[in-house]
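Reproduced below: entry.csv, with CSV, C-alpha atoms and all ligand atoms.
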chain,number,residue,atom,x,y,z
A,146,MET,CA,6.2,-2.6,14.0
A,147,GLU,CA,5.5,-6.1,15.2
A,148,VAL,CA,7.5,-9.0,13.7
A,149,PHE,CA,6.0,-12.5,14.0
A,150,ASP,CA,7.7,-15.7,13.1
A,151,SER,CA,4.8,-18.1,14.0
A,152,PRO,CA,1.6,-18.4,12.0
A,153,ASP,CA,-0.5,-18.5,15.2
A,154,ALA,CA,1.0,-15.2,16.5
A,155,ALA,CA,0.4,-13.5,13.1
A,156,ARG,CA,-3.2,-14.8,13.0
A,157,GLN,CA,-4.0,-13.6,16.5
A,158,PHE,CA,-2.7,-10.1,15.6
A,159,VAL,CA,-4.7,-9.9,12.4
A,160,SER,CA,-7.9,-11.5,13.9
A,161,ALA,CA,-7.9,-9.0,16.7
A,162,SER,CA,-7.9,-6.1,14.2
A,163,ARG,CA,-10.6,-7.8,12.1
A,164,SER,CA,-12.8,-8.5,15.1
A,165,GLN,CA,-12.6,-4.8,15.9
A,166,GLY,CA,-14.1,-4.2,12.5
A,167,ARG,CA,-10.8,-2.9,11.0
A,168,THR,CA,-9.8,-3.6,7.4
A,169,VAL,CA,-6.4,-5.3,7.0
A,170,GLY,CA,-4.3,-5.0,3.9
A,171,PHE,CA,-1.7,-7.7,3.3
A,172,VAL,CA,1.3,-7.7,1.0
A,173,PRO,CA,3.0,-11.1,0.7
A,174,THR,CA,6.6,-10.9,-0.5
A,175,MET,CA,9.8,-13.0,-0.8
A,176,GLY,CA,11.8,-10.0,0.4
A,177,ALA,CA,14.6,-8.2,-1.5
A,178,LEU,CA,12.1,-5.3,-1.5
A,179,HIS,CA,12.2,-2.7,-4.2
A,180,GLU,CA,9.9,0.2,-5.2
A,181,GLY,CA,7.4,-2.2,-6.8
A,182,HIS,CA,6.8,-3.9,-3.4
A,183,LEU,CA,6.6,-0.6,-1.7
A,184,SER,CA,3.9,0.5,-4.1
A,185,LEU,CA,1.9,-2.6,-3.1
A,186,VAL,CA,2.5,-1.5,0.6
A,187,GLN,CA,1.2,2.0,-0.4
A,188,SER,CA,-2.0,0.4,-1.7
A,189,ALA,CA,-2.3,-1.8,1.4
A,190,LEU,CA,-2.1,1.4,3.5
A,191,SER,CA,-5.5,2.3,2.2
A,192,CYS,CA,-6.7,-0.3,4.7
A,193,GLU,CA,-6.7,0.6,8.5
A,194,VAL,CA,-3.9,-1.9,9.2
A,195,ALA,CA,-1.2,-2.9,6.8
A,196,VAL,CA,0.7,-6.3,7.2
A,197,ALA,CA,3.5,-7.7,5.0
A,198,SER,CA,5.2,-11.1,4.9
A,199,ILE,CA,8.7,-12.1,3.9
A,200,PHE,CA,9.3,-15.7,3.0
A,201,VAL,CA,11.4,-17.2,0.2
A,202,ASN,CA,9.1,-20.1,-0.6
A,203,PRO,CA,11.2,-23.1,-1.6
A,204,THR,CA,8.2,-25.0,-3.1
A,205,GLN,CA,7.8,-22.5,-5.9
A,206,PHE,CA,11.4,-22.9,-7.2
A,207,GLY,CA,12.3,-25.6,-9.7
A,208,PRO,CA,15.4,-27.8,-9.1
A,209,SER,CA,17.5,-25.7,-11.5
A,210,GLU,CA,16.2,-22.3,-10.3
A,211,ASP,CA,17.8,-19.6,-8.2
A,212,LEU,CA,16.5,-20.6,-4.6
A,213,ASP,CA,20.0,-20.7,-3.1
A,214,LYS,CA,21.2,-17.4,-4.6
A,215,TYR,CA,17.8,-15.6,-4.1
A,216,PRO,CA,18.8,-12.4,-2.2
A,217,ARG,CA,17.7,-12.2,1.5
A,218,PRO,CA,18.5,-8.7,2.9
A,219,LEU,CA,16.2,-9.1,5.9
A,220,THR,CA,17.4,-6.2,8.0
A,221,ALA,CA,17.1,-3.7,5.2
A,222,ASP,CA,13.7,-5.1,4.2
A,223,LEU,CA,12.3,-4.7,7.7
A,224,GLU,CA,13.6,-1.1,7.8
A,225,LYS,CA,11.9,-0.3,4.5
A,226,LEU,CA,8.6,-1.8,5.8
A,227,LYS,CA,8.8,0.1,9.0
A,228,ALA,CA,9.5,3.4,7.3
A,229,ALA,CA,6.6,2.7,4.9
A,230,GLY,CA,4.2,2.5,7.9
A,231,VAL,CA,3.5,-1.3,8.0
A,232,SER,CA,2.0,-2.4,11.4
A,233,ALA,CA,3.2,-6.0,11.4
A,234,VAL,CA,5.5,-8.4,9.4
A,235,PHE,CA,5.2,-12.1,9.2
A,236,VAL,CA,8.6,-13.7,8.7
A,237,PRO,CA,8.3,-17.4,9.2
A,238,THR,CA,11.2,-19.9,9.0
A,239,LYS,CA,11.1,-22.7,6.5
A,240,GLU,CA,10.4,-25.1,9.4
A,241,LYS,CA,7.4,-23.1,10.6
A,242,MET,CA,5.9,-23.1,7.1
A,243,TYR,CA,6.8,-26.7,6.1
A,244,PRO,CA,7.3,-28.7,9.3
A,245,GLU,CA,8.4,-32.3,9.3
A,246,GLY,CA,5.6,-34.4,7.7
A,247,PHE,CA,4.1,-31.6,5.6
A,248,SER,CA,2.3,-33.2,2.7
A,249,SER,CA,-0.8,-31.1,1.7
A,250,TYR,CA,-0.6,-29.0,-1.5
A,251,VAL,CA,-3.1,-26.8,-3.3
A,252,GLU,CA,-3.8,-27.9,-6.9
A,253,PRO,CA,-3.5,-24.7,-9.0
A,254,PRO,CA,-6.6,-23.6,-11.0
A,255,GLN,CA,-6.7,-24.3,-14.8
A,256,ILE,CA,-5.5,-20.7,-15.6
A,257,GLY,CA,-2.1,-21.9,-14.2
A,258,GLU,CA,-1.7,-24.6,-16.8
A,259,THR,CA,-0.5,-22.4,-19.7
A,260,LEU,CA,2.6,-20.1,-20.1
A,261,GLU,CA,4.5,-20.1,-16.8
A,262,GLY,CA,2.7,-23.3,-15.9
A,263,ILE,CA,4.4,-25.0,-18.9
A,264,CYS,CA,7.8,-23.3,-18.5
A,265,ARG,CA,8.1,-23.8,-14.8
A,266,PRO,CA,6.4,-27.1,-13.9
A,267,GLY,CA,5.3,-27.2,-10.2
A,268,HIS,CA,5.8,-23.4,-9.8
A,269,PHE,CA,2.1,-22.5,-9.4
A,270,ARG,CA,1.5,-25.5,-7.1
A,271,GLY,CA,4.1,-23.9,-4.8
A,272,VAL,CA,2.6,-20.5,-5.1
A,273,THR,CA,-1.0,-21.5,-4.5
A,274,THR,CA,0.1,-23.7,-1.5
A,275,VAL,CA,2.1,-20.9,0.1
A,276,VAL,CA,-0.4,-18.1,-0.6
A,277,LEU,CA,-3.2,-20.1,1.0
A,278,LYS,CA,-1.0,-20.8,4.0
A,279,LEU,CA,0.0,-17.1,4.2
A,280,LEU,CA,-3.7,-16.1,4.0
A,281,GLN,CA,-4.5,-18.6,6.9
A,282,ALA,CA,-1.8,-16.9,9.0
A,283,VAL,CA,-2.8,-13.4,7.8
A,284,PRO,CA,-6.6,-13.5,7.3
A,285,ALA,CA,-6.6,-10.0,5.7
A,286,SER,CA,-9.6,-8.3,4.2
A,287,HIS,CA,-7.5,-7.3,1.1
A,288,ALA,CA,-4.3,-8.8,-0.4
A,289,TYR,CA,-2.2,-7.0,-3.0
A,290,PHE,CA,-0.2,-8.6,-5.8
A,291,GLY,CA,1.8,-7.0,-8.6
A,292,LYS,CA,0.6,-7.4,-12.2
A,293,LYS,CA,4.2,-7.8,-13.2
A,294,ASP,CA,3.5,-11.5,-12.3
A,295,TYR,CA,0.3,-11.3,-14.3
A,296,GLN,CA,-0.5,-15.0,-14.4
A,297,GLN,CA,0.3,-15.4,-10.7
A,298,TRP,CA,-2.2,-12.7,-9.9
A,299,ARG,CA,-4.9,-14.4,-12.0
A,300,VAL,CA,-4.0,-17.8,-10.5
A,301,ILE,CA,-4.4,-16.4,-7.0
A,302,GLU,CA,-7.6,-14.7,-7.9
A,303,ALA,CA,-9.1,-18.0,-9.2
A,304,MET,CA,-7.8,-20.0,-6.2
A,305,VAL,CA,-9.3,-17.6,-3.7
A,306,ARG,CA,-12.6,-17.6,-5.6
A,307,ASP,CA,-12.7,-21.4,-6.0
A,308,LEU,CA,-11.8,-22.1,-2.4
A,309,ASN,CA,-14.0,-19.4,-0.8
A,310,VAL,CA,-11.1,-17.6,0.9
A,311,GLY,CA,-12.6,-14.4,2.4
A,312,THR,CA,-9.8,-12.1,1.2
A,313,GLU,CA,-10.3,-9.7,-1.7
A,314,ILE,CA,-7.4,-10.0,-4.2
A,315,ILE,CA,-6.2,-6.7,-5.8
A,316,GLY,CA,-3.8,-6.5,-8.8
A,317,CYS,CA,-1.5,-3.5,-8.8
A,318,GLU,CA,0.2,-1.8,-11.7
A,319,THR,CA,3.8,-2.7,-12.5
A,320,VAL,CA,6.4,-0.2,-11.4
A,321,ARG,CA,9.1,0.6,-13.9
A,322,GLU,CA,12.5,2.3,-14.1
A,323,SER,CA,12.4,5.6,-16.1
A,324,ASP,CA,13.6,3.7,-19.2
A,325,GLY,CA,10.8,1.1,-18.9
A,326,LEU,CA,12.5,-1.8,-17.3
A,327,ALA,CA,10.0,-3.5,-14.9
A,328,LEU,CA,11.3,-3.7,-11.4
A,329,SER,CA,12.2,-7.2,-10.2
A,330,SER,CA,14.4,-8.6,-7.4
A,331,ARG,CA,16.1,-10.5,-10.2
A,332,ASN,CA,17.3,-7.4,-12.0
A,333,ARG,CA,20.3,-7.2,-9.6
A,334,TYR,CA,21.7,-10.3,-11.4
A,335,LEU,CA,22.0,-8.4,-14.7
A,336,THR,CA,25.4,-7.2,-16.0
A,337,SER,CA,25.3,-3.8,-17.7
A,338,ASP,CA,25.1,-5.5,-21.1
A,339,ASP,CA,22.3,-7.7,-19.8
A,340,ARG,CA,20.5,-4.7,-18.5
A,341,ASP,CA,20.7,-3.0,-21.8
A,342,ARG,CA,19.2,-6.1,-23.5
A,343,ALA,CA,16.6,-6.4,-20.8
A,344,LEU,CA,15.0,-3.2,-22.1
A,345,LEU,CA,13.9,-5.3,-25.2
A,346,LEU,CA,11.1,-6.7,-23.1
A,347,SER,CA,9.4,-3.4,-22.3
A,348,GLU,CA,10.3,-1.9,-25.7
A,349,THR,CA,8.7,-4.9,-27.5
A,350,LEU,CA,5.6,-4.6,-25.4
A,351,ARG,CA,5.3,-0.9,-26.1
A,352,ASN,CA,5.7,-1.6,-29.9
A,353,VAL,CA,3.1,-4.3,-29.8
A,354,GLU,CA,0.6,-1.9,-28.2
A,355,ALA,CA,1.4,0.7,-30.8
A,356,ALA,CA,0.9,-1.7,-33.6
A,357,TYR,CA,-2.4,-2.8,-32.1
A,358,ARG,CA,-3.6,0.8,-31.6
A,359,ALA,CA,-2.6,1.5,-35.3
A,360,GLY,CA,-5.2,-1.2,-36.2
A,361,GLU,CA,-3.5,-4.6,-36.3
A,362,LYS,CA,-5.7,-7.0,-34.3
A,363,ARG,CA,-4.4,-10.4,-35.6
A,364,THR,CA,-2.5,-12.0,-32.9
A,365,ASP,CA,-0.4,-14.2,-35.2
A,366,ILE,CA,1.0,-11.1,-36.9
A,367,LEU,CA,1.6,-9.3,-33.6
A,368,GLN,CA,3.2,-12.3,-31.9
A,369,LYS,CA,5.5,-12.9,-34.9
A,370,GLU,CA,6.6,-9.2,-34.7
A,371,MET,CA,7.3,-9.6,-31.0
A,372,GLN,CA,9.4,-12.8,-31.6
A,373,GLU,CA,11.4,-11.2,-34.3
A,374,THR,CA,12.2,-8.2,-32.1
A,375,LEU,CA,13.2,-10.3,-29.2
A,376,LEU,CA,15.2,-12.9,-31.0
A,377,GLY,CA,16.4,-10.7,-33.9
A,378,GLN,CA,16.8,-11.6,-37.5
A,379,GLN,CA,20.5,-11.9,-37.0
A,380,GLN,CA,20.9,-9.0,-39.5
A,381,ALA,CA,24.4,-7.6,-39.4
A,382,SER,CA,25.2,-4.0,-40.3
A,383,THR,CA,28.6,-2.7,-41.2
A,384,ASP,CA,30.3,-0.2,-39.0
A,385,LEU,CA,32.0,1.9,-41.7
A,386,SER,CA,34.6,3.4,-39.4
A,387,HIS,CA,35.9,0.1,-38.1
A,388,GLU,CA,34.6,-2.2,-40.8
A,389,LYS,CA,33.3,-4.6,-38.1
A,390,MET,CA,30.0,-6.2,-37.9
A,391,GLN,CA,27.4,-5.2,-35.3
A,392,VAL,CA,24.9,-7.8,-34.2
A,393,GLU,CA,21.4,-6.8,-33.1
A,394,ARG,CA,20.5,-6.8,-29.4
A,395,THR,CA,18.5,-10.0,-28.6
A,396,LEU,CA,17.5,-12.2,-25.7
A,397,ASP,CA,19.5,-15.4,-25.2
A,398,ALA,CA,16.3,-17.5,-25.1
A,399,LEU,CA,12.6,-16.8,-25.5
A,400,ASP,CA,10.2,-19.0,-23.6
A,401,TYR,CA,7.1,-17.2,-25.0
A,402,ALA,CA,5.8,-14.0,-26.5
A,403,ALA,CA,2.1,-14.4,-26.4
A,404,ILE,CA,-1.1,-12.4,-26.6
A,405,VAL,CA,-4.0,-14.0,-24.7
A,406,SER,CA,-7.3,-13.0,-23.1
A,407,ALA,CA,-6.6,-10.8,-20.1
A,408,GLU,CA,-9.4,-12.5,-18.1
A,409,ASP,CA,-8.6,-16.2,-18.5
A,410,LEU,CA,-5.3,-16.2,-20.4
A,411,THR,CA,-6.8,-18.4,-23.3
A,412,PRO,CA,-5.3,-17.9,-26.8
A,413,LEU,CA,-6.9,-15.3,-29.1
A,414,THR,CA,-7.0,-15.2,-32.9
A,415,SER,CA,-7.9,-11.5,-32.9
A,416,ILE,CA,-8.0,-8.9,-30.1
A,417,ASP,CA,-11.7,-8.8,-29.7
A,418,ARG,CA,-11.8,-8.6,-25.9
A,419,PRO,CA,-9.4,-7.2,-23.3
A,420,ALA,CA,-6.0,-8.9,-23.8
A,421,VAL,CA,-2.6,-9.0,-22.4
A,422,ALA,CA,0.8,-9.4,-24.2
A,423,LEU,CA,3.2,-11.5,-22.1
A,424,ILE,CA,6.9,-12.2,-22.6
A,425,ALA,CA,9.3,-14.6,-20.8
A,426,GLY,CA,12.9,-15.0,-21.7
A,427,THR,CA,16.5,-15.4,-20.5
A,428,ILE,CA,19.3,-12.8,-20.7
A,429,GLY,CA,22.6,-14.2,-19.5
A,430,THR,CA,21.7,-16.4,-16.6
A,431,THR,CA,18.6,-14.4,-15.6
A,432,ARG,CA,15.0,-15.3,-16.6
A,433,LEU,CA,12.8,-12.2,-16.9
A,434,ILE,CA,9.1,-11.7,-17.5
A,435,ASP,CA,7.0,-8.7,-18.4
A,436,ASN,CA,3.6,-7.9,-19.8
A,437,ARG,CA,1.3,-5.2,-21.0
A,438,GLU,CA,-2.5,-5.1,-21.0
A,439,LEU,CA,-4.1,-4.3,-24.3
A,440,ARG,CA,-7.4,-2.6,-23.6
A,441,LEU,CA,-10.1,-2.6,-26.3
A,442,VAL,CA,-9.7,0.4,-28.6
B,501,LIG,O1,5.3,-12.8,-6.0
B,501,LIG,C1,5.9,-13.3,-5.0
B,501,LIG,O2,6.8,-12.6,-4.4
B,501,LIG,C2,5.7,-14.7,-4.5
B,501,LIG,O3,5.4,-15.5,-5.6
B,501,LIG,C3,4.6,-14.8,-3.4
B,501,LIG,C4,3.2,-14.3,-3.9
B,501,LIG,C5,5.0,-13.9,-2.2
B,501,LIG,C6,4.5,-16.2,-2.9
B,501,LIG,O4,5.7,-16.7,-2.5
Target format structure tokens, applied to this file:
Amino acid sequence: MEVFDSPDAARQFVSASRSQGRTVGFVPTMGALHEGHLSLVQSALSCEVAVASIFVNPTQFGPSEDLDKYPRPLTADLEKLKAAGVSAVFVPTKEKMYPEGFSSYVEPPQIGETLEGICRPGHFRGVTTVVLKLLQAVPASHAYFGKKDYQQWRVIEAMVRDLNVGTEIIGCETVRESDGLALSSRNRYLTSDDRDRALLLSETLRNVEAAYRAGEKRTDILQKEMQETLLGQQQASTDLSHEKMQVERTLDALDYAAIVSAEDLTPLTSIDRPAVALIAGTIGTTRLIDNRELRLV
């Protein structure tokens, strides 16, 4: 497996394969690889050559976010990619990606203005900028993104379309633990109590889909149900044996619990087209997101 730290070396490798008519599948990552990333690699391996990148992109982190503590297990990550059958990995330094004097940024498409765009100002500008830069260094035929970051996938799709980037963007299904928790590099920050409460996200999304399939299509009703499950109604029940109060499991903060159009993430009054339910909230010190597509029934 080749490891490149310069954009030019990575581009030469990829361009050589493409000029021989080979398809190249690309998986951009920030490292700390888990089974979710490896499933993207599996999809990329349907191309003739699979390439990954590892770069913890500083421009997509807000000032109070976890850039400094973001895990960077590089040796283990490279071993996983090699074992998975990746041909090359692009691992640039911060200086290679953002050299002295760097000042050009990609304005994110409109679809990035809502949800995460509101909660994390500047986040998508960092994502679109780095992904365009990565696609310049790795001009792949196909690039694979997890639908766990649903809005990110849609933002990148729109950017690639708007800016005529010749790479096909493919969204891949979220990989979950057996109890439903969506895999995320940030799950490692969760204490065991946090992890238990983190299950609320996937449980709420399963419940909202069940309610929708049972016939409820009004998004105000469904969103209210989601919010009540996630934040609780602070009902206390008496534990008869110990006569002490048990408080419901809840998130510590909810950024949003929304049902929007799956295509362009605009709000819906009723689920009359393919939709997606999305949740973002905080448990302890960890911010988690999850979502579930609601296909027309
Ligand atoms: O999803 C991620 O890991 C990152 O946002 C990405 C797409 C690699 C850009 O830094």
- Query: What is the atom CA of Glu302 of chain A to atom CA of Leu190 of chain A distance in Å?
  - Reply: 20.5 Å
- Query: For the point (11.3, -4.5, -4.7) in file coordinates, what residues are within 12 Å, counting only C-alpha atoms? Give the answer as a ChimeraX atom specification?
  - Reply: /A:172-186,199,216-218,221-222,225-226,291,293,319-322,327-333
Requested write-out: C-alpha atoms of the selected residues, as a tab-separated table (two decimals), in the coordinates of the input:
chain	number	residue	atom	x	y	z
A	172	VAL	CA	1.30	-7.70	1.00
A	173	PRO	CA	3.00	-11.10	0.70
A	174	THR	CA	6.60	-10.90	-0.50
A	175	MET	CA	9.80	-13.00	-0.80
A	176	GLY	CA	11.80	-10.00	0.40
A	177	ALA	CA	14.60	-8.20	-1.50
A	178	LEU	CA	12.10	-5.30	-1.50
A	179	HIS	CA	12.20	-2.70	-4.20
A	180	GLU	CA	9.90	0.20	-5.20
A	181	GLY	CA	7.40	-2.20	-6.80
A	182	HIS	CA	6.80	-3.90	-3.40
A	183	LEU	CA	6.60	-0.60	-1.70
A	184	SER	CA	3.90	0.50	-4.10
A	185	LEU	CA	1.90	-2.60	-3.10
A	186	VAL	CA	2.50	-1.50	0.60
A	199	ILE	CA	8.70	-12.10	3.90
A	216	PRO	CA	18.80	-12.40	-2.20
A	217	ARG	CA	17.70	-12.20	1.50
A	218	PRO	CA	18.50	-8.70	2.90
A	221	ALA	CA	17.10	-3.70	5.20
A	222	ASP	CA	13.70	-5.10	4.20
A	225	LYS	CA	11.90	-0.30	4.50
A	226	LEU	CA	8.60	-1.80	5.80
A	291	GLY	CA	1.80	-7.00	-8.60
A	293	LYS	CA	4.20	-7.80	-13.20
A	319	THR	CA	3.80	-2.70	-12.50
A	320	VAL	CA	6.40	-0.20	-11.40
A	321	ARG	CA	9.10	0.60	-13.90
A	322	GLU	CA	12.50	2.30	-14.10
A	327	ALA	CA	10.00	-3.50	-14.90
A	328	LEU	CA	11.30	-3.70	-11.40
A	329	SER	CA	12.20	-7.20	-10.20
A	330	SER	CA	14.40	-8.60	-7.40
A	331	ARG	CA	16.10	-10.50	-10.20
A	332	ASN	CA	17.30	-7.40	-12.00
A	333	ARG	CA	20.30	-7.20	-9.60
- Counting all atoms listed in the file, the residue of A:Thr220, A:Gln296, A:Ser323, A:Ser406 that sits nearest Ile434 of chain A: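 For Ile434 of chain A, the nearest of the candidates is A:Gln296.
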Please, which residues in chain A fall within 7 Å of ligand LIG 501 (chain B) when counting all atoms listed in the file, and what is the closest atom pair and distance in Å to one decimal for each, ordered by chain then residue number, as a tab-separated table?
residue	atom	partner	partner_atom	distance
A:Pro173	CA	B:LIG501	C5	4.5
A:Thr174	CA	B:LIG501	C5	3.8
A:Met175	CA	B:LIG501	O2	4.7
A:Phe200	CA	B:LIG501	O4	6.6
A:Val201	CA	B:LIG501	O4	6.3
A:Asn202	CA	B:LIG501	O4	5.2
A:Val272	CA	B:LIG501	C6	5.2
A:Val275	CA	B:LIG501	C6	6.1
A:Val276	CA	B:LIG501	C6	5.7
A:Phe290	CA	B:LIG501	C4	6.9
A:Asp294	CA	B:LIG501	O1	6.7
- Query: In Å, how far is it from atom CA of Ala420 of chain A to atom CA of Leu439 of chain A?
  - Reply: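 Taking atom CA of Ala420 of chain A as the start and atom CA of Leu439 of chain A as the end point, the length is 5.0 Å.
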- Item | Between atom CA of Val194 of chain A and atom CA of Tyr215 of chain A, distance in Å (one decimal) | 28.9 Å
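Once Phe149 of chain A and its same-chain neighbours fewer than 6 positions away are set aside, Ala155, Val234, Phe235 and Val236 of chain A remain within 7 Å of it when counting only C-alpha atoms.
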Could you write those residues out with C-alpha atoms, as a PDB file, in the frame of the given file?
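Result file result_19.pdb:
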ATOM      1  CA  ALA A 155       0.400 -13.500  13.100  1.00  0.00           C
ATOM      2  CA  VAL A 234       5.500  -8.400   9.400  1.00  0.00           C
ATOM      3  CA  PHE A 235       5.200 -12.100   9.200  1.00  0.00           C
ATOM      4  CA  VAL A 236       8.600 -13.700   8.700  1.00  0.00           C
TER       5      VAL A 236
END
- Query: Of the candidates A:Leu433, A:Val442, A:Val300, A:Val148, which one gets nearest to Leu346 of chain A if we count all atoms listed in the file?
  - Reply: A:Leu433
Taking N, CA, C and O atoms as the atom set, what does segment 284-302 of chain A look like once completed, written as an mmCIF file, keeping the file's coordinate frame?
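Writing done, so here's out_24.cif:
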data_model
loop_
_atom_site.group_PDB
_atom_site.id
_atom_site.type_symbol
_atom_site.label_atom_id
_atom_site.label_comp_id
_atom_site.auth_asym_id
_atom_site.auth_seq_id
_atom_site.Cartn_x
_atom_site.Cartn_y
_atom_site.Cartn_z
ATOM 1 N N PRO A 284 -5.245 -13.543 7.885
ATOM 2 C CA PRO A 284 -6.600 -13.500 7.300
ATOM 3 C C PRO A 284 -7.051 -12.076 7.007
ATOM 4 O O PRO A 284 -7.970 -11.573 7.656
ATOM 5 N N ALA A 285 -6.392 -11.463 6.033
ATOM 6 C CA ALA A 285 -6.600 -10.000 5.700
ATOM 7 C C ALA A 285 -7.923 -9.833 4.991
ATOM 8 O O ALA A 285 -8.453 -10.759 4.372
ATOM 9 N N SER A 286 -8.426 -8.602 5.023
ATOM 10 C CA SER A 286 -9.600 -8.300 4.200
ATOM 11 C C SER A 286 -9.214 -8.120 2.744
ATOM 12 O O SER A 286 -9.974 -8.448 1.837
ATOM 13 N N HIS A 287 -7.996 -7.601 2.511
ATOM 14 C CA HIS A 287 -7.500 -7.300 1.100
ATOM 15 C C HIS A 287 -6.066 -7.820 1.031
ATOM 16 O O HIS A 287 -5.290 -7.634 1.978
ATOM 17 N N ALA A 288 -5.701 -8.395 -0.126
ATOM 18 C CA ALA A 288 -4.300 -8.800 -0.400
ATOM 19 C C ALA A 288 -3.873 -8.221 -1.724
ATOM 20 O O ALA A 288 -4.661 -8.242 -2.681
ATOM 21 N N TYR A 289 -2.637 -7.742 -1.802
ATOM 22 C CA TYR A 289 -2.200 -7.000 -3.000
ATOM 23 C C TYR A 289 -1.040 -7.720 -3.685
ATOM 24 O O TYR A 289 -0.057 -8.133 -3.057
ATOM 25 N N PHE A 290 -1.217 -7.900 -4.987
ATOM 26 C CA PHE A 290 -0.200 -8.600 -5.800
ATOM 27 C C PHE A 290 0.103 -7.751 -7.021
ATOM 28 O O PHE A 290 -0.776 -7.096 -7.592
ATOM 29 N N GLY A 291 1.377 -7.798 -7.449
ATOM 30 C CA GLY A 291 1.800 -7.000 -8.600
ATOM 31 C C GLY A 291 1.371 -7.663 -9.902
ATOM 32 O O GLY A 291 1.485 -8.877 -10.062
ATOM 33 N N LYS A 292 0.920 -6.835 -10.846
ATOM 34 C CA LYS A 292 0.600 -7.400 -12.200
ATOM 35 C C LYS A 292 1.790 -7.702 -12.999
ATOM 36 O O LYS A 292 1.672 -8.229 -14.092
ATOM 37 N N LYS A 293 2.977 -7.362 -12.515
ATOM 38 C CA LYS A 293 4.200 -7.800 -13.200
ATOM 39 C C LYS A 293 4.167 -9.340 -13.317
ATOM 40 O O LYS A 293 4.532 -9.891 -14.336
ATOM 41 N N ASP A 294 3.719 -10.021 -12.249
ATOM 42 C CA ASP A 294 3.500 -11.500 -12.300
ATOM 43 C C ASP A 294 2.020 -11.676 -12.645
ATOM 44 O O ASP A 294 1.216 -12.088 -11.800
ATOM 45 N N TYR A 295 1.693 -11.376 -13.901
ATOM 46 C CA TYR A 295 0.300 -11.300 -14.300
ATOM 47 C C TYR A 295 -0.455 -12.601 -14.078
ATOM 48 O O TYR A 295 -1.537 -12.644 -13.501
ATOM 49 N N GLN A 296 0.188 -13.693 -14.540
ATOM 50 C CA GLN A 296 -0.500 -15.000 -14.400
ATOM 51 C C GLN A 296 -0.617 -15.398 -12.960
ATOM 52 O O GLN A 296 -1.631 -15.969 -12.554
ATOM 53 N N GLN A 297 0.418 -15.092 -12.160
ATOM 54 C CA GLN A 297 0.300 -15.400 -10.700
ATOM 55 C C GLN A 297 -0.873 -14.698 -10.109
ATOM 56 O O GLN A 297 -1.627 -15.280 -9.334
ATOM 57 N N TRP A 298 -1.050 -13.417 -10.448
ATOM 58 C CA TRP A 298 -2.200 -12.700 -9.900
ATOM 59 C C TRP A 298 -3.511 -13.358 -10.302
ATOM 60 O O TRP A 298 -4.385 -13.574 -9.451
ATOM 61 N N ARG A 299 -3.637 -13.753 -11.573
ATOM 62 C CA ARG A 299 -4.900 -14.400 -12.000
ATOM 63 C C ARG A 299 -5.068 -15.769 -11.360
ATOM 64 O O ARG A 299 -6.190 -16.159 -11.041
ATOM 65 N N VAL A 300 -3.971 -16.508 -11.166
ATOM 66 C CA VAL A 300 -4.000 -17.800 -10.500
ATOM 67 C C VAL A 300 -4.531 -17.644 -9.068
ATOM 68 O O VAL A 300 -5.407 -18.389 -8.601
ATOM 69 N N ILE A 301 -3.995 -16.647 -8.378
ATOM 70 C CA ILE A 301 -4.400 -16.400 -7.000
ATOM 71 C C ILE A 301 -5.834 -15.984 -6.877
ATOM 72 O O ILE A 301 -6.591 -16.453 -6.025
ATOM 73 N N GLU A 302 -6.221 -15.101 -7.798
ATOM 74 C CA GLU A 302 -7.600 -14.700 -7.900
ATOM 75 C C GLU A 302 -8.553 -15.872 -7.987
ATOM 76 O O GLU A 302 -9.556 -15.987 -7.275
#
